[in-house]
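Below you'll find the structure, written out as structure tokens, and then a few comments.
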Amino acid sequence: MEEENETLDEKAGVFFRKGRRKKDITLLVISGISLILSLTGWDPFPFNLAWISIILCGIPIILEAIIGLITAFDIKADVLVSIALIASICIGEDFAAGEVAFIMQIGGLLEDLTVAKARAGIEKLVHLTPQTARLIIDGTERIVPAEEVPVDAMLRVLPGETVPVDGVIISGQTSINQAVMTGESLPVDKTAGDEVSSGTVNQFGAFEMRATKVGEDSSIQRMIRLVQSADAGKAKIVGIADRWATWIVVIALSVAALTWFISGEIIRAVTILVVFCPCALVLATPTAIMAAIGNATKHGFLVREGDALERLAAVTKITFDKTGTLTYGTPQVIEAVSVTDNFSESELYRLCASAEQLSEHPLGKAIVRSYKQERNSELFPCEKFRMLPGRGVCAEVSGKEILAGNMEMLADRNIDVPDYVLAQTDKYLSKGCTVIYLAVSEQLSGYIVLSDTVREESVGMIDALKDLKAQPVLLTGDNERAASAIASQLHISEVHADCLPEDKLNRIGDYQKTGEAVCMIGDGVNDAPALKKANVGIAMGGVGSDIAVDAADIALVDDEVKELPHLIALSKRMMTTIKLNMTFSLALNFIAIILAIIGTLNPVVGALVHNTGSVIVIINSALLLNRKRK
């Protein structure tokens, strides 16, 4: 019930934020119309229509400034705006007050839109946590809550169940899907003496295990803590106007007071306060970010964090997961080799695919799928099919017993593998491939080689990132040989293999300690802590886990990794636009202040100058919408 209430509260919060945003937009539209009518001189009411903007846009600014000052002595840009509003009203310059309030609220709404975010990654990780375990006491099986399993307890895990705690297999053979921990889509064969982790899934054979790490020490709970803690150090961008607010307020008040004292004209002092209001400065950053986000969306990126592109522009290292990111994550048959004169490669391939057609193992499915894609001939009927957990499959095809599996399966049947065959297969294994051995009627007849395939666009994408001064790094749960083989194809010189989630997280932390800004690109549950820890996390939204997407700042919706260089180049161009916007707005402010001091500008003209400056900033930012990478 508590979980239900939390979910309802979260939904209510999202609904409230959406409702409040619609209300803000409605009030801004009404205020904008009132200012236009006021400027045209239409005056059917006993008060200036600009008062509508003052009340709807100005009062919230004044209240926020007062609350910030009283509760925390927090001086922001709205303090100066409030002073300018009140001063303008006091000398009867209602339009100037309304216009400044209106522009400031537009800036506030844009900032709110750029930082809006919604995350549920930790919640989904909690749902992956095993709830129950099969505890064996004196030979009797009893189902208990997973958190109550003690260390050294004996447990039984059936096919299809999630491993409840970390432990060691005591008896049985199986294949374990470890994607939640390593990110690798292929299951790993396990037998007595092998370790298993909580949260991983038992695919085929039942086994008994001894618990070694339970409760908060288990792998899945460590993963949850990593995700919760990794975001703590990620910097949040503060608006430039608020960052300099104290100095802006002090200088504005000093200049206004000094001008009033020397000239004796209060209207000059009020004009100075109006033109000092950082309208264009407030709009400089959020408008550019919004335009860049719009551009990124056209190229398949969903930017979930408002300041993610700002951080991305400073990235010097880009760390990649391998499976599903740089590769397709699905194995393909790349070679069928016969080591006997009794069968050709084609015949052996057909026999193997026929024997595997009833298999639920991902490798068996990959062999069948590859055969059907490559060959026109039909498969033979498969009879007497048996899964051998942790070993392979056994079936009768065309009256012959076919064994397809690993070296352990051959050893169980006392089938010898000649040294020259071991030398051949070792070349493939050194490249990160998987080898399935084939025995026909108890005689070794050949082997099938499968490999994950690199995305066609990955090589060009990596080279383009190097041109943008972003160094690619491979962080993968794969073994050293497989990782090195893929890295050499992709021209990646820095490789870290056998990485668990905490290894990836620690590696990124080490880079950050040396001053590197890191972008992490991944797709699996195991990548979630690293995606959170990195300065910018990018998740593969199409093939990726929901949890990875929730943990990331940016999601690549269609998995077109070739678009990554465009995103990096766009972020750098966005920062250039922001700097240009700020330089222009500061220069405009400086010129307007000089003109206000000598009496050339009055409050209304000063407000209009600011309005013009804000429009120029918005137009300059809008150029990012259709920008393309050269």
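Every chain in the structure tokens has a letter given in the order shown (A, B, ...), and although residue numbers restart at 1 in each chain, ligands are simply numbered from 1 in the order shown.
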
**OP:** Just the helix (DSSP H, G or I) stuff from region 446-523 of chain A, please, per backbone DSSP, written as an MDAnalysis selection string.
**Re:** chainID A and resid 458:467 480:490 501:513

**OP:** Tell me, as JSON, numbers by chain, which residues lie within 9 Å of Ile593 (chain A), counting only C-alpha atoms; anything in the same chain fewer than 3 positions away does not count.
**Re:** {"A": [271, 272, 273, 275, 276, 588, 589, 590, 596, 597, 598, 601, 606]}

Original post:
At what distance in Å, to one decimal, does CA of Ile262 (chain A) lie from CA of Ile86 (chain A)?
Top reply: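 Spanning CA of Ile86 (chain A) to CA of Ile262 (chain A) is a straight-line distance of 22.0 Å.
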
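You will find CA of Val168 (chain A) at 20.8 Å from CA of Asn479 (chain A).
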
Would you mind listing what lies within 9 Å of region 504-516 of chain A as an mmCIF file with N, CA and C atoms, in the first residue's frame, with only C-alpha atoms counted and same-chain residues fewer than 2 positions away left out?
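Full text of around-v9.cif as output:
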data_model
loop_
_atom_site.group_PDB
_atom_site.id
_atom_site.type_symbol
_atom_site.label_atom_id
_atom_site.label_comp_id
_atom_site.auth_asym_id
_atom_site.auth_seq_id
_atom_site.Cartn_x
_atom_site.Cartn_y
_atom_site.Cartn_z
ATOM 1 N N LEU A 226 24.733 2.062 -5.744
ATOM 2 C CA LEU A 226 25.581 2.767 -6.697
ATOM 3 C C LEU A 226 24.784 3.795 -7.482
ATOM 4 N N ALA A 230 25.600 7.747 -7.262
ATOM 5 C CA ALA A 230 26.458 8.224 -8.349
ATOM 6 C C ALA A 230 26.117 9.627 -8.806
ATOM 7 N N ALA A 314 31.882 20.135 -22.763
ATOM 8 C CA ALA A 314 33.195 20.119 -22.111
ATOM 9 C C ALA A 314 33.809 18.717 -22.051
ATOM 10 N N VAL A 315 33.115 17.714 -22.606
ATOM 11 C CA VAL A 315 33.562 16.320 -22.485
ATOM 12 C C VAL A 315 34.869 16.091 -23.242
ATOM 13 N N THR A 316 35.808 15.396 -22.581
ATOM 14 C CA THR A 316 37.091 15.053 -23.208
ATOM 15 C C THR A 316 37.259 13.554 -23.420
ATOM 16 N N LYS A 317 36.492 12.757 -22.666
ATOM 17 C CA LYS A 317 36.528 11.304 -22.841
ATOM 18 C C LYS A 317 35.104 10.774 -23.008
ATOM 19 N N THR A 319 33.227 7.185 -22.879
ATOM 20 C CA THR A 319 33.348 5.765 -22.552
ATOM 21 C C THR A 319 32.146 5.007 -23.107
ATOM 22 N N LEU A 475 34.628 0.345 -22.165
ATOM 23 C CA LEU A 475 34.417 -0.278 -20.851
ATOM 24 C C LEU A 475 33.403 -1.395 -21.041
ATOM 25 N N THR A 476 33.810 -2.650 -20.887
ATOM 26 C CA THR A 476 32.905 -3.746 -21.194
ATOM 27 C C THR A 476 33.031 -4.887 -20.199
ATOM 28 N N HIS A 496 39.135 -1.413 -21.318
ATOM 29 C CA HIS A 496 39.064 -2.003 -19.977
ATOM 30 C C HIS A 496 38.002 -3.106 -20.010
ATOM 31 N N CYS A 499 34.586 -5.733 -16.834
ATOM 32 C CA CYS A 499 34.100 -4.681 -15.935
ATOM 33 C C CYS A 499 32.728 -5.028 -15.356
ATOM 34 N N LEU A 500 32.642 -5.060 -14.043
ATOM 35 C CA LEU A 500 31.349 -5.115 -13.355
ATOM 36 C C LEU A 500 30.831 -3.676 -13.228
ATOM 37 N N PRO A 501 29.558 -3.485 -12.822
ATOM 38 C CA PRO A 501 29.032 -2.112 -12.702
ATOM 39 C C PRO A 501 29.901 -1.186 -11.865
ATOM 40 N N GLU A 502 30.409 -1.695 -10.722
ATOM 41 C CA GLU A 502 31.231 -0.825 -9.878
ATOM 42 C C GLU A 502 32.577 -0.507 -10.514
ATOM 43 N N VAL A 518 33.670 13.350 -18.503
ATOM 44 C CA VAL A 518 33.407 12.037 -19.100
ATOM 45 C C VAL A 518 31.952 11.912 -19.544
ATOM 46 N N CYS A 519 31.776 11.379 -20.751
ATOM 47 C CA CYS A 519 30.447 10.998 -21.240
ATOM 48 C C CYS A 519 30.408 9.473 -21.306
ATOM 49 N N MET A 520 29.367 8.861 -20.742
ATOM 50 C CA MET A 520 29.212 7.407 -20.775
ATOM 51 C C MET A 520 28.060 7.054 -21.709
ATOM 52 N N ASP A 527 24.797 -0.696 -16.817
ATOM 53 C CA ASP A 527 25.411 0.598 -17.136
ATOM 54 C C ASP A 527 24.810 1.753 -16.339
ATOM 55 N N PRO A 529 24.651 2.727 -13.089
ATOM 56 C CA PRO A 529 25.490 3.526 -12.177
ATOM 57 C C PRO A 529 26.497 4.397 -12.923
ATOM 58 N N ALA A 530 27.120 3.847 -13.978
ATOM 59 C CA ALA A 530 28.105 4.617 -14.747
ATOM 60 C C ALA A 530 27.442 5.775 -15.486
ATOM 61 N N LEU A 531 26.233 5.564 -16.005
ATOM 62 C CA LEU A 531 25.509 6.633 -16.696
ATOM 63 C C LEU A 531 25.210 7.780 -15.746
ATOM 64 N N LYS A 532 24.895 7.439 -14.492
ATOM 65 C CA LYS A 532 24.620 8.473 -13.488
ATOM 66 C C LYS A 532 25.899 9.189 -13.059
ATOM 67 N N LYS A 533 26.987 8.422 -12.908
ATOM 68 C CA LYS A 533 28.242 8.986 -12.406
ATOM 69 C C LYS A 533 28.897 9.926 -13.413
ATOM 70 N N ALA A 534 28.783 9.599 -14.696
ATOM 71 C CA ALA A 534 29.437 10.388 -15.732
ATOM 72 C C ALA A 534 28.907 11.815 -15.750
ATOM 73 N N ASN A 535 29.722 12.726 -16.261
ATOM 74 C CA ASN A 535 29.266 14.111 -16.407
ATOM 75 C C ASN A 535 28.028 14.169 -17.286
#

Give me, as a tab-separated table, the closest atom pair and its distance (Å, one decimal) for every residue of region 244-320 of chain A within a cut-off of 7 Å of region 569-575 of chain A, counting only C-alpha atoms, rows sorted by chain and rising number.
residue	atom	partner	partner_atom	distance
A:Ala288	CA	A:Met574	CA	6.2
A:Ile289	CA	A:Met574	CA	6.9
A:Ala292	CA	A:Met574	CA	6.5
A:Leu309	CA	A:Ser571	CA	5.2
A:Glu310	CA	A:Ser571	CA	6.5
A:Leu312	CA	A:Ser571	CA	6.2
A:Ala313	CA	A:Lys572	CA	4.7
